[in-house]
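To be precise, the following lines are work.cif, and they hold mmCIF, C-alpha atoms and all ligand atoms.
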data_work
loop_
_atom_site.group_PDB
_atom_site.id
_atom_site.type_symbol
_atom_site.label_atom_id
_atom_site.label_comp_id
_atom_site.auth_asym_id
_atom_site.auth_seq_id
_atom_site.Cartn_x
_atom_site.Cartn_y
_atom_site.Cartn_z
ATOM 1 C CA MET A 1 9.185 25.694 5.863
ATOM 2 C CA SER A 2 6.144 23.805 6.898
ATOM 3 C CA ARG A 3 5.116 20.439 5.549
ATOM 4 C CA THR A 4 2.179 21.968 3.816
ATOM 5 C CA ALA A 5 4.220 24.598 2.133
ATOM 6 C CA ARG A 6 5.593 21.706 0.131
ATOM 7 C CA THR A 7 2.186 20.170 -0.260
ATOM 8 C CA GLY A 8 0.662 23.371 -1.488
ATOM 9 C CA ASP A 9 3.399 23.817 -3.991
ATOM 10 C CA SER A 10 2.766 20.558 -5.715
ATOM 11 C CA PRO A 11 0.741 20.995 -8.891
ATOM 12 C CA ALA A 12 0.138 17.276 -9.184
ATOM 13 C CA ARG A 13 -1.611 17.174 -5.852
ATOM 14 C CA THR A 14 -3.399 20.431 -5.402
ATOM 15 C CA GLY A 15 -3.750 22.067 -8.745
ATOM 16 C CA ASN A 16 -1.222 24.646 -7.588
ATOM 17 C CA SER A 17 -3.679 27.224 -6.466
ATOM 18 C CA PRO A 18 -1.772 30.222 -5.134
ATOM 19 C CA ALA A 19 -1.904 30.821 -1.427
ATOM 20 C CA GLY A 20 -4.717 33.107 -0.473
ATOM 21 C CA ASP A 21 -6.780 32.024 -3.425
ATOM 22 C CA SER A 22 -9.083 29.851 -1.352
ATOM 23 C CA PRO A 23 -12.789 30.483 -1.654
ATOM 24 C CA ALA A 24 -14.369 31.978 1.412
ATOM 25 C CA GLY A 25 -15.530 29.335 3.779
ATOM 26 C CA ASP A 26 -12.769 26.885 3.182
ATOM 27 C CA SER A 27 -10.083 28.759 5.000
ATOM 28 C CA ALA A 28 -12.461 29.402 7.843
ATOM 29 C CA THR A 29 -12.443 25.757 8.804
ATOM 30 C CA GLY A 30 -9.475 26.107 11.049
ATOM 31 C CA ASP A 31 -6.416 27.774 9.686
ATOM 32 C CA SER A 32 -5.408 28.350 13.221
ATOM 33 C CA PRO A 33 -2.710 30.861 13.989
ATOM 34 C CA ALA A 34 0.545 29.071 13.596
ATOM 35 C CA GLY A 35 1.629 30.047 17.082
ATOM 36 C CA ALA A 36 5.036 28.751 18.014
ATOM 37 C CA ASP A 37 4.456 25.173 17.018
ATOM 38 C CA PRO A 38 6.726 24.380 14.097
ATOM 39 C CA ARG A 39 4.717 21.262 13.437
ATOM 40 C CA VAL A 40 1.470 23.042 12.667
ATOM 41 C CA VAL A 41 0.154 21.899 9.344
ATOM 42 C CA ARG A 42 -1.575 24.580 7.348
ATOM 43 C CA PRO A 43 -4.558 23.608 5.251
ATOM 44 C CA ALA A 44 -3.632 23.205 1.631
ATOM 45 C CA PRO A 45 -5.371 25.391 -0.920
ATOM 46 C CA PRO A 46 -8.229 23.707 -2.764
ATOM 47 C CA PRO A 47 -7.669 22.391 -6.249
ATOM 48 C CA ASP A 48 -7.912 25.136 -8.839
ATOM 49 C CA GLU A 49 -10.087 23.556 -11.478
ATOM 50 C CA GLY A 50 -9.910 26.576 -13.723
ATOM 51 C CA LYS A 51 -6.161 26.527 -14.165
ATOM 52 C CA GLN A 52 -5.083 25.501 -17.614
ATOM 53 C CA GLY A 53 -2.993 22.420 -18.050
ATOM 54 C CA HIS A 54 -3.476 21.162 -14.503
ATOM 55 C CA ALA A 55 -6.454 18.882 -14.257
ATOM 56 C CA PRO A 56 -7.153 18.337 -10.563
ATOM 57 C CA ASN A 57 -5.957 15.023 -9.266
ATOM 58 C CA ARG A 58 -9.118 13.320 -8.058
ATOM 59 C CA ALA A 59 -7.151 11.007 -5.808
ATOM 60 C CA ALA A 60 -5.456 13.837 -3.931
ATOM 61 C CA ALA A 61 -6.533 14.770 -0.435
ATOM 62 C CA ARG A 62 -5.763 18.052 1.318
ATOM 63 C CA VAL A 63 -5.038 18.939 4.898
ATOM 64 C CA ARG A 64 -8.196 20.493 6.330
ATOM 65 C CA THR A 65 -7.148 21.622 9.793
ATOM 66 C CA SER A 66 -4.494 20.928 12.380
ATOM 67 C CA VAL A 67 -4.579 21.436 16.101
ATOM 68 C CA THR A 68 -2.215 20.806 18.990
ATOM 69 C CA VAL A 69 -3.222 18.070 21.437
ATOM 70 C CA PRO A 70 -1.094 16.984 24.408
ATOM 71 C CA LEU A 71 -1.089 13.163 24.412
ATOM 72 C CA ARG A 72 -0.352 10.987 27.381
ATOM 73 C CA CYS A 73 1.788 8.000 26.387
ATOM 74 C CA GLY A 74 2.963 5.873 29.257
ATOM 75 C CA GLU A 75 4.516 8.183 31.838
ATOM 76 C CA ARG A 76 5.052 11.094 29.498
ATOM 77 C CA THR A 77 2.957 13.703 27.791
ATOM 78 C CA HIS A 78 3.848 14.494 24.193
ATOM 79 C CA ARG A 79 2.795 17.552 22.261
ATOM 80 C CA ALA A 80 1.085 16.200 19.172
ATOM 81 C CA THR A 81 -0.410 17.910 16.156
ATOM 82 C CA VAL A 82 -3.607 16.284 14.978
ATOM 83 C CA ALA A 83 -4.485 16.893 11.334
ATOM 84 C CA THR A 84 -7.775 16.354 9.514
ATOM 85 C CA PHE A 85 -8.320 16.064 5.777
ATOM 86 C CA HIS A 86 -10.521 16.969 2.862
ATOM 87 C CA ASP A 87 -11.271 14.572 0.012
ATOM 88 C CA LEU A 88 -10.324 11.220 1.499
ATOM 89 C CA VAL A 89 -11.582 8.447 -0.769
ATOM 90 C CA ASP A 90 -13.795 6.766 1.791
ATOM 91 C CA ALA A 91 -15.075 9.995 3.372
ATOM 92 C CA ARG A 92 -14.237 8.710 6.848
ATOM 93 C CA GLU A 93 -12.835 10.927 9.592
ATOM 94 C CA HIS A 94 -9.286 9.578 9.658
ATOM 95 C CA LEU A 95 -6.660 11.463 11.659
ATOM 96 C CA ALA A 96 -2.951 12.059 11.329
ATOM 97 C CA VAL A 97 -1.111 12.443 14.637
ATOM 98 C CA LEU A 98 2.241 14.166 14.141
ATOM 99 C CA LEU A 99 4.746 13.670 16.914
ATOM 100 C CA GLY A 100 8.373 14.240 17.798
ATOM 101 C CA PRO A 101 10.997 16.354 16.130
ATOM 102 C CA PRO A 102 9.372 18.313 13.289
ATOM 103 C CA HIS A 103 10.351 17.712 9.689
ATOM 104 C CA PRO A 104 12.286 14.457 9.973
ATOM 105 C CA ALA A 105 14.017 13.631 6.688
ATOM 106 C CA VAL A 106 12.215 10.304 6.568
ATOM 107 C CA PRO A 107 9.363 10.093 9.065
ATOM 108 C CA LEU A 108 8.542 7.017 11.102
ATOM 109 C CA VAL A 109 4.959 6.094 10.217
ATOM 110 C CA ARG A 110 2.435 3.770 11.808
ATOM 111 C CA LEU A 111 -0.926 2.923 10.245
ATOM 112 C CA HIS A 112 -3.188 2.163 13.196
ATOM 113 C CA SER A 113 -6.688 0.915 12.522
ATOM 114 C CA GLU A 114 -9.241 1.939 15.099
ATOM 115 C CA CYS A 115 -10.010 -0.641 17.770
ATOM 116 C CA LEU A 116 -12.419 0.787 20.321
ATOM 117 C CA THR A 117 -12.164 -2.131 22.710
ATOM 118 C CA GLY A 118 -8.371 -2.260 22.596
ATOM 119 C CA ASP A 119 -7.489 1.430 22.220
ATOM 120 C CA VAL A 120 -9.999 2.893 24.678
ATOM 121 C CA PHE A 121 -10.875 0.108 27.099
ATOM 122 C CA GLY A 122 -7.575 -1.756 27.091
ATOM 123 C CA SER A 123 -9.081 -5.052 25.952
ATOM 124 C CA GLU A 124 -6.576 -7.875 26.107
ATOM 125 C CA ARG A 125 -8.329 -9.912 23.434
ATOM 126 C CA CYS A 126 -6.058 -8.176 20.944
ATOM 127 C CA ASP A 127 -2.830 -6.204 21.070
ATOM 128 C CA CYS A 128 -4.124 -2.917 19.620
ATOM 129 C CA GLY A 129 -3.940 -0.782 22.767
ATOM 130 C CA ALA A 130 -0.369 -1.833 23.486
ATOM 131 C CA GLN A 131 0.545 -1.371 19.821
ATOM 132 C CA LEU A 132 -0.908 2.134 19.850
ATOM 133 C CA ASP A 133 1.051 3.114 22.979
ATOM 134 C CA GLU A 134 4.241 1.667 21.576
ATOM 135 C CA ALA A 135 3.794 3.434 18.246
ATOM 136 C CA LEU A 136 3.065 6.836 19.778
ATOM 137 C CA THR A 137 6.082 6.555 22.072
ATOM 138 C CA ARG A 138 8.448 5.495 19.298
ATOM 139 C CA ILE A 139 7.192 8.122 16.855
ATOM 140 C CA ALA A 140 7.521 10.801 19.535
ATOM 141 C CA ALA A 141 11.192 9.846 19.839
ATOM 142 C CA ALA A 142 11.978 9.502 16.132
ATOM 143 C CA GLY A 143 9.692 12.113 14.580
ATOM 144 C CA GLY A 144 6.868 11.053 12.347
ATOM 145 C CA VAL A 145 3.187 10.416 12.111
ATOM 146 C CA LEU A 146 0.595 7.925 13.279
ATOM 147 C CA LEU A 147 -2.370 7.607 10.941
ATOM 148 C CA TYR A 148 -5.423 6.692 13.004
ATOM 149 C CA LEU A 149 -7.682 4.957 10.508
ATOM 150 C CA ARG A 150 -11.360 4.552 11.247
ATOM 151 C CA GLN A 151 -11.719 0.987 10.069
ATOM 152 C CA GLU A 152 -12.757 -0.842 13.191
ATOM 153 C CA GLY A 153 -12.428 -4.605 13.395
ATOM 154 C CA ARG A 154 -10.110 -4.877 10.373
ATOM 155 C CA GLY A 155 -12.762 -3.039 8.433
ATOM 156 C CA ILE A 156 -15.876 -5.022 9.390
ATOM 157 C CA GLY A 157 -17.144 -2.639 12.069
ATOM 158 C CA LEU A 158 -17.516 -2.752 15.826
ATOM 159 C CA TYR A 159 -20.662 -4.845 16.169
ATOM 160 C CA ASN A 160 -19.398 -7.409 13.673
ATOM 161 C CA LYS A 161 -16.113 -7.567 15.534
ATOM 162 C CA LEU A 162 -17.906 -8.317 18.779
ATOM 163 C CA ASP A 163 -19.987 -10.963 17.007
ATOM 164 C CA ALA A 164 -16.747 -12.474 15.734
ATOM 165 C CA TYR A 165 -15.463 -12.601 19.320
ATOM 166 C CA ARG A 166 -18.426 -14.807 20.200
ATOM 167 C CA LEU A 167 -17.511 -17.189 17.395
ATOM 168 C CA GLN A 168 -13.913 -17.189 18.543
ATOM 169 C CA ASP A 169 -15.120 -18.266 21.978
ATOM 170 C CA HIS A 170 -16.460 -21.336 20.169
ATOM 171 C CA GLY A 171 -13.142 -22.207 18.634
ATOM 172 C CA LEU A 172 -12.774 -20.226 15.405
ATOM 173 C CA ASP A 173 -9.693 -18.098 14.888
ATOM 174 C CA THR A 174 -10.000 -14.363 14.227
ATOM 175 C CA TYR A 175 -10.074 -14.792 10.431
ATOM 176 C CA ALA A 176 -12.317 -17.866 10.297
ATOM 177 C CA ALA A 177 -14.762 -16.014 12.535
ATOM 178 C CA ASN A 178 -14.900 -13.151 10.038
ATOM 179 C CA ARG A 179 -15.569 -15.571 7.218
ATOM 180 C CA ALA A 180 -18.313 -17.285 9.206
ATOM 181 C CA LEU A 181 -20.001 -13.877 9.400
ATOM 182 C CA GLY A 182 -19.709 -13.479 5.639
ATOM 183 C CA MET A 183 -16.950 -10.890 5.978
ATOM 184 C CA ASP A 184 -13.451 -10.668 4.530
ATOM 185 C CA ASP A 185 -10.486 -11.897 6.545
ATOM 186 C CA ASP A 186 -9.152 -8.398 6.432
ATOM 187 C CA ALA A 187 -11.233 -5.662 4.792
ATOM 188 C CA ARG A 188 -8.772 -2.883 5.450
ATOM 189 C CA ASP A 189 -7.849 -0.630 2.578
ATOM 190 C CA TYR A 190 -5.002 1.855 2.901
ATOM 191 C CA THR A 191 -5.806 4.141 -0.028
ATOM 192 C CA ALA A 192 -6.780 6.908 2.378
ATOM 193 C CA ALA A 193 -3.474 6.427 4.206
ATOM 194 C CA VAL A 194 -1.612 6.991 0.938
ATOM 195 C CA GLN A 195 -3.629 10.166 0.383
ATOM 196 C CA MET A 196 -2.895 11.420 3.897
ATOM 197 C CA LEU A 197 0.846 10.803 3.596
ATOM 198 C CA ARG A 198 0.948 12.628 0.283
ATOM 199 C CA ALA A 199 -1.073 15.531 1.670
ATOM 200 C CA LEU A 200 1.492 15.804 4.460
ATOM 201 C CA GLY A 201 4.331 15.789 1.935
ATOM 202 C CA HIS A 202 5.662 12.342 2.810
ATOM 203 C CA ASP A 203 6.582 10.313 -0.268
ATOM 204 C CA GLU A 204 9.180 8.249 1.577
ATOM 205 C CA ILE A 205 8.748 6.744 5.022
ATOM 206 C CA ASP A 206 10.018 4.241 7.528
ATOM 207 C CA LEU A 207 7.063 1.980 8.327
ATOM 208 C CA LEU A 208 6.453 0.641 11.816
ATOM 209 C CA THR A 209 4.630 -2.646 11.292
ATOM 210 C CA ASN A 210 4.657 -6.417 11.366
ATOM 211 C CA ASN A 211 2.025 -6.585 8.631
ATOM 212 C CA PRO A 212 3.381 -7.131 5.114
ATOM 213 C CA ASP A 213 0.062 -6.077 3.559
ATOM 214 C CA LYS A 214 0.506 -2.497 4.783
ATOM 215 C CA ARG A 215 3.826 -2.156 3.014
ATOM 216 C CA ARG A 216 2.392 -3.720 -0.146
ATOM 217 C CA GLN A 217 -0.583 -1.373 -0.244
ATOM 218 C CA LEU A 218 1.475 1.762 0.465
ATOM 219 C CA GLU A 219 4.008 0.901 -2.225
ATOM 220 C CA ARG A 220 1.212 0.194 -4.670
ATOM 221 C CA GLY A 221 0.003 3.707 -3.910
ATOM 222 C CA GLY A 222 3.415 5.149 -4.729
ATOM 223 C CA ILE A 223 4.827 5.645 -1.221
ATOM 224 C CA ARG A 224 8.453 4.564 -0.878
ATOM 225 C CA VAL A 225 9.066 2.435 2.196
ATOM 226 C CA ARG A 226 12.758 2.851 3.071
ATOM 227 C CA HIS A 227 12.747 0.577 6.114
ATOM 228 C CA VAL A 228 10.191 -1.622 7.798
ATOM 229 C CA VAL A 229 10.613 -1.324 11.554
ATOM 230 C CA ALA A 230 9.165 -4.237 13.510
ATOM 231 C CA THR A 231 6.882 -3.619 16.465
ATOM 232 C CA ALA A 232 7.130 -5.528 19.714
ATOM 233 C CA VAL A 233 4.986 -8.584 20.416
ATOM 234 C CA HIS A 234 2.449 -7.698 23.092
ATOM 235 C CA LEU A 235 1.425 -11.031 24.533
ATOM 236 C CA THR A 236 -1.243 -11.258 27.211
ATOM 237 C CA ALA A 237 -3.036 -14.163 28.830
ATOM 238 C CA HIS A 238 -5.922 -13.597 26.414
ATOM 239 C CA ASN A 239 -4.468 -12.794 23.020
ATOM 240 C CA SER A 240 -2.044 -15.616 22.202
ATOM 241 C CA ALA A 241 -4.461 -17.388 19.846
ATOM 242 C CA TYR A 242 -5.180 -14.056 18.139
ATOM 243 C CA LEU A 243 -1.477 -13.345 17.627
ATOM 244 C CA GLN A 244 -0.893 -16.898 16.442
ATOM 245 C CA ALA A 245 -3.588 -16.458 13.784
ATOM 246 C CA LYS A 246 -2.058 -13.173 12.633
ATOM 247 C CA ALA A 247 1.288 -14.899 12.198
ATOM 248 C CA THR A 248 0.049 -18.010 10.423
ATOM 249 C CA VAL A 249 -2.871 -16.706 8.347
ATOM 250 C CA THR A 250 -1.637 -13.304 7.203
ATOM 251 C CA ALA A 251 2.128 -13.693 7.597
ATOM 252 C CA HIS A 252 2.608 -11.058 10.259
ATOM 253 C CA THR A 253 6.240 -11.140 11.266
ATOM 254 C CA LEU A 254 5.746 -12.010 14.913
ATOM 255 C CA SER A 255 8.207 -13.937 16.975
ATOM 256 C CA MET A 256 6.457 -17.121 18.008
ATOM 257 C CA GLU A 257 8.427 -17.409 21.216
ATOM 258 C CA GLY A 258 6.063 -17.450 24.111
ATOM 259 C CA LEU A 259 2.995 -18.000 21.995
ATOM 260 C CA ARG A 260 0.986 -21.057 22.868
ATOM 261 C CA HIS A 261 0.249 -23.436 20.062
HETATM 262 ZN ZN ZN B 1 -7.897 -4.635 18.706
#

In structure tokens, how does this file's structure come out?
Ligand SMILES: [Zn+2]
Amino acid sequence: MSRTARTGDSPARTGNSPAGDSPAGDSATGDSPAGADPRVVRPAPPPDEGKQGHAPNRAAARVRTSVTVPLRCGERTHRATVATFHDLVDAREHLAVLLGPPHPAVPLVRLHSECLTGDVFGSERCDCGAQLDEALTRIAAAGGVLLYLRQEGRGIGLYNKLDAYRLQDHGLDTYAANRALGMDDDARDYTAAVQMLRALGHDEIDLLTNNPDKRRQLERGGIRVRHVVATAVHLTAHNSAYLQAKATVTAHTLSMEGLRH
């Protein structure tokens, strides 16, 4: 009935440990009472390493806890379920935010990489805050999940991102600035996102993105992408050069109308 019922039943992912077999301590991390929320995700049982014939899948992650959080998106408040995970490859505290009608046949999914300046402070140097709002609103309508990935500054970190802004003020584009700092153009890796989707029982998704690399990485990880759904272009007085670089350097599918050249 729940997403995790499916997850827990999958030998390939969890080792098929029977429910209730969890060692003490693990289940105490937040198997909250299900309450009335049909979207509550129960923690999956830990891999059963002793079971014959089922070597634990080292690349599998498990749902750790889930909790209901009302989220304000635009004018509306949506009831979201926020899930945390065990065994993510990079050991970062990534979140899954489940929204909208529970158990959609094919969920609408957005991979959102953390951007403190854009998401929290509403910086207009990028389009992350507007993208986050748009994604939450659309997922709340369609049913699906936003993966909030803790890879700030396309993976280079917050301080490096701010240093790159300084270089951009001297004429470099967002990618050239990264390279001038000795960093990759885009250091983001979506292996943890693949793990999270699998832990939630989602092998097939509709992907909300303009970034072809996200689709490539998910499909490489074995997630089927049924449709790619384009996001809007969020142009401000301050981010046109940034959006232009995304379109020309990394082939983001952005409409160039309105962008300054
Ligand atoms: Zn940003």

Quick one: pull the distance between atom CA of Arg179 of chain A and atom CA of His238 of chain A, Å, one decimal.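 Straight-line distance from atom CA of Arg179 of chain A to atom CA of His238 of chain A works out to 21.6 Å.
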
Which residues, written as a PDB file with C-alpha atoms, in the frame of the given file, have at least one atom at most 7 Å from Gln195 of chain A, with only C-alpha atoms counted and residues fewer than 6 positions away on the same chain left out?
ATOM      1  CA  ALA A  60      -5.456  13.837  -3.931  1.00  0.00           C
ATOM      2  CA  ALA A  61      -6.533  14.770  -0.435  1.00  0.00           C
ATOM      3  CA  LEU A  88     -10.324  11.220   1.499  1.00  0.00           C
TER       4      LEU A  88
END

Separation of atom CA of Thr253 of chain A from atom CA of Asp203 of chain A, in Å and rounded to one decimal: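 About the pair atom CA of Thr253 of chain A and atom CA of Asp203 of chain A: they are 24.4 Å apart.
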
All residues having an atom within 6 Å of ligand ZN 1 (chain B) (all atoms listed in the file) as a list in words: Cys115, Gly118, Cys126, Asp127 and Cys128 of chain A

Quick check, in Å to one decimal: how far apart do atom CA of Leu146 of chain A and atom CA of Gln168 of chain A lie? 29.5 Å

Since the input lacks some atoms of segment 60-86 of chain A, please model N, CA and C atoms and print them as a PDB file, in the frame of the given file.
ATOM      1  N   ALA A  60      -6.228  13.076  -4.911  1.00  0.00           N
ATOM      2  CA  ALA A  60      -5.456  13.837  -3.931  1.00  0.00           C
ATOM      3  C   ALA A  60      -6.353  14.317  -2.798  1.00  0.00           C
ATOM      4  N   ALA A  61      -5.841  14.206  -1.590  1.00  0.00           N
ATOM      5  CA  ALA A  61      -6.533  14.770  -0.435  1.00  0.00           C
ATOM      6  C   ALA A  61      -5.763  16.015  -0.005  1.00  0.00           C
ATOM      7  N   ARG A  62      -6.401  16.825   0.820  1.00  0.00           N
ATOM      8  CA  ARG A  62      -5.763  18.052   1.318  1.00  0.00           C
ATOM      9  C   ARG A  62      -5.905  18.106   2.822  1.00  0.00           C
ATOM     10  N   VAL A  63      -4.912  18.701   3.462  1.00  0.00           N
ATOM     11  CA  VAL A  63      -5.038  18.939   4.898  1.00  0.00           C
ATOM     12  C   VAL A  63      -6.156  19.953   5.114  1.00  0.00           C
ATOM     13  N   ARG A  64      -7.036  19.658   6.048  1.00  0.00           N
ATOM     14  CA  ARG A  64      -8.196  20.493   6.330  1.00  0.00           C
ATOM     15  C   ARG A  64      -7.924  21.421   7.516  1.00  0.00           C
ATOM     16  N   THR A  65      -7.515  20.832   8.617  1.00  0.00           N
ATOM     17  CA  THR A  65      -7.148  21.622   9.793  1.00  0.00           C
ATOM     18  C   THR A  65      -6.035  20.890  10.527  1.00  0.00           C
ATOM     19  N   SER A  66      -5.378  21.604  11.426  1.00  0.00           N
ATOM     20  CA  SER A  66      -4.494  20.928  12.380  1.00  0.00           C
ATOM     21  C   SER A  66      -4.593  21.648  13.712  1.00  0.00           C
ATOM     22  N   VAL A  67      -4.424  20.877  14.767  1.00  0.00           N
ATOM     23  CA  VAL A  67      -4.579  21.436  16.101  1.00  0.00           C
ATOM     24  C   VAL A  67      -3.633  20.696  17.047  1.00  0.00           C
ATOM     25  N   THR A  68      -3.137  21.419  18.033  1.00  0.00           N
ATOM     26  CA  THR A  68      -2.215  20.806  18.990  1.00  0.00           C
ATOM     27  C   THR A  68      -2.989  20.090  20.087  1.00  0.00           C
ATOM     28  N   VAL A  69      -2.590  18.857  20.377  1.00  0.00           N
ATOM     29  CA  VAL A  69      -3.222  18.070  21.437  1.00  0.00           C
ATOM     30  C   VAL A  69      -2.118  17.417  22.271  1.00  0.00           C
ATOM     31  N   PRO A  70      -2.070  17.705  23.578  1.00  0.00           N
ATOM     32  CA  PRO A  70      -1.094  16.984  24.408  1.00  0.00           C
ATOM     33  C   PRO A  70      -1.572  15.550  24.611  1.00  0.00           C
ATOM     34  N   LEU A  71      -0.702  14.584  24.323  1.00  0.00           N
ATOM     35  CA  LEU A  71      -1.089  13.163  24.412  1.00  0.00           C
ATOM     36  C   LEU A  71      -0.309  12.483  25.517  1.00  0.00           C
ATOM     37  N   ARG A  72      -1.009  11.746  26.334  1.00  0.00           N
ATOM     38  CA  ARG A  72      -0.352  10.987  27.381  1.00  0.00           C
ATOM     39  C   ARG A  72       0.037   9.621  26.832  1.00  0.00           C
ATOM     40  N   CYS A  73       1.313   9.315  26.828  1.00  0.00           N
ATOM     41  CA  CYS A  73       1.788   8.000  26.387  1.00  0.00           C
ATOM     42  C   CYS A  73       2.662   7.453  27.497  1.00  0.00           C
ATOM     43  N   GLY A  74       2.209   6.404  28.128  1.00  0.00           N
ATOM     44  CA  GLY A  74       2.963   5.873  29.257  1.00  0.00           C
ATOM     45  C   GLY A  74       3.073   6.927  30.336  1.00  0.00           C
ATOM     46  N   GLU A  75       4.299   7.216  30.752  1.00  0.00           N
ATOM     47  CA  GLU A  75       4.516   8.183  31.838  1.00  0.00           C
ATOM     48  C   GLU A  75       4.659   9.601  31.322  1.00  0.00           C
ATOM     49  N   ARG A  76       4.729   9.768  30.032  1.00  0.00           N
ATOM     50  CA  ARG A  76       5.052  11.094  29.498  1.00  0.00           C
ATOM     51  C   ARG A  76       3.900  11.693  28.723  1.00  0.00           C
ATOM     52  N   THR A  77       3.917  13.012  28.638  1.00  0.00           N
ATOM     53  CA  THR A  77       2.957  13.703  27.791  1.00  0.00           C
ATOM     54  C   THR A  77       3.709  14.291  26.600  1.00  0.00           C
ATOM     55  N   HIS A  78       3.207  14.001  25.412  1.00  0.00           N
ATOM     56  CA  HIS A  78       3.848  14.494  24.193  1.00  0.00           C
ATOM     57  C   HIS A  78       2.935  15.510  23.526  1.00  0.00           C
ATOM     58  N   ARG A  79       3.553  16.534  22.981  1.00  0.00           N
ATOM     59  CA  ARG A  79       2.795  17.552  22.261  1.00  0.00           C
ATOM     60  C   ARG A  79       2.593  17.061  20.820  1.00  0.00           C
ATOM     61  N   ALA A  80       1.377  16.730  20.506  1.00  0.00           N
ATOM     62  CA  ALA A  80       1.085  16.200  19.172  1.00  0.00           C
ATOM     63  C   ALA A  80       0.324  17.241  18.366  1.00  0.00           C
ATOM     64  N   THR A  81       0.436  17.132  17.058  1.00  0.00           N
ATOM     65  CA  THR A  81      -0.410  17.910  16.156  1.00  0.00           C
ATOM     66  C   THR A  81      -1.333  16.938  15.449  1.00  0.00           C
ATOM     67  N   VAL A  82      -2.622  17.170  15.582  1.00  0.00           N
ATOM     68  CA  VAL A  82      -3.607  16.284  14.978  1.00  0.00           C
ATOM     69  C   VAL A  82      -4.169  16.972  13.737  1.00  0.00           C
ATOM     70  N   ALA A  83      -4.032  16.316  12.599  1.00  0.00           N
ATOM     71  CA  ALA A  83      -4.485  16.893  11.334  1.00  0.00           C
ATOM     72  C   ALA A  83      -5.704  16.150  10.807  1.00  0.00           C
ATOM     73  N   THR A  84      -6.595  16.920  10.181  1.00  0.00           N
ATOM     74  CA  THR A  84      -7.775  16.354   9.514  1.00  0.00           C
ATOM     75  C   THR A  84      -7.677  16.673   8.018  1.00  0.00           C
ATOM     76  N   PHE A  85      -8.517  16.035   7.230  1.00  0.00           N
ATOM     77  CA  PHE A  85      -8.320  16.064   5.777  1.00  0.00           C
ATOM     78  C   PHE A  85      -9.621  16.288   5.010  1.00  0.00           C
ATOM     79  N   HIS A  86      -9.468  16.913   3.875  1.00  0.00           N
ATOM     80  CA  HIS A  86     -10.521  16.969   2.862  1.00  0.00           C
ATOM     81  C   HIS A  86     -10.271  15.882   1.817  1.00  0.00           C
TER      82      HIS A  86
END
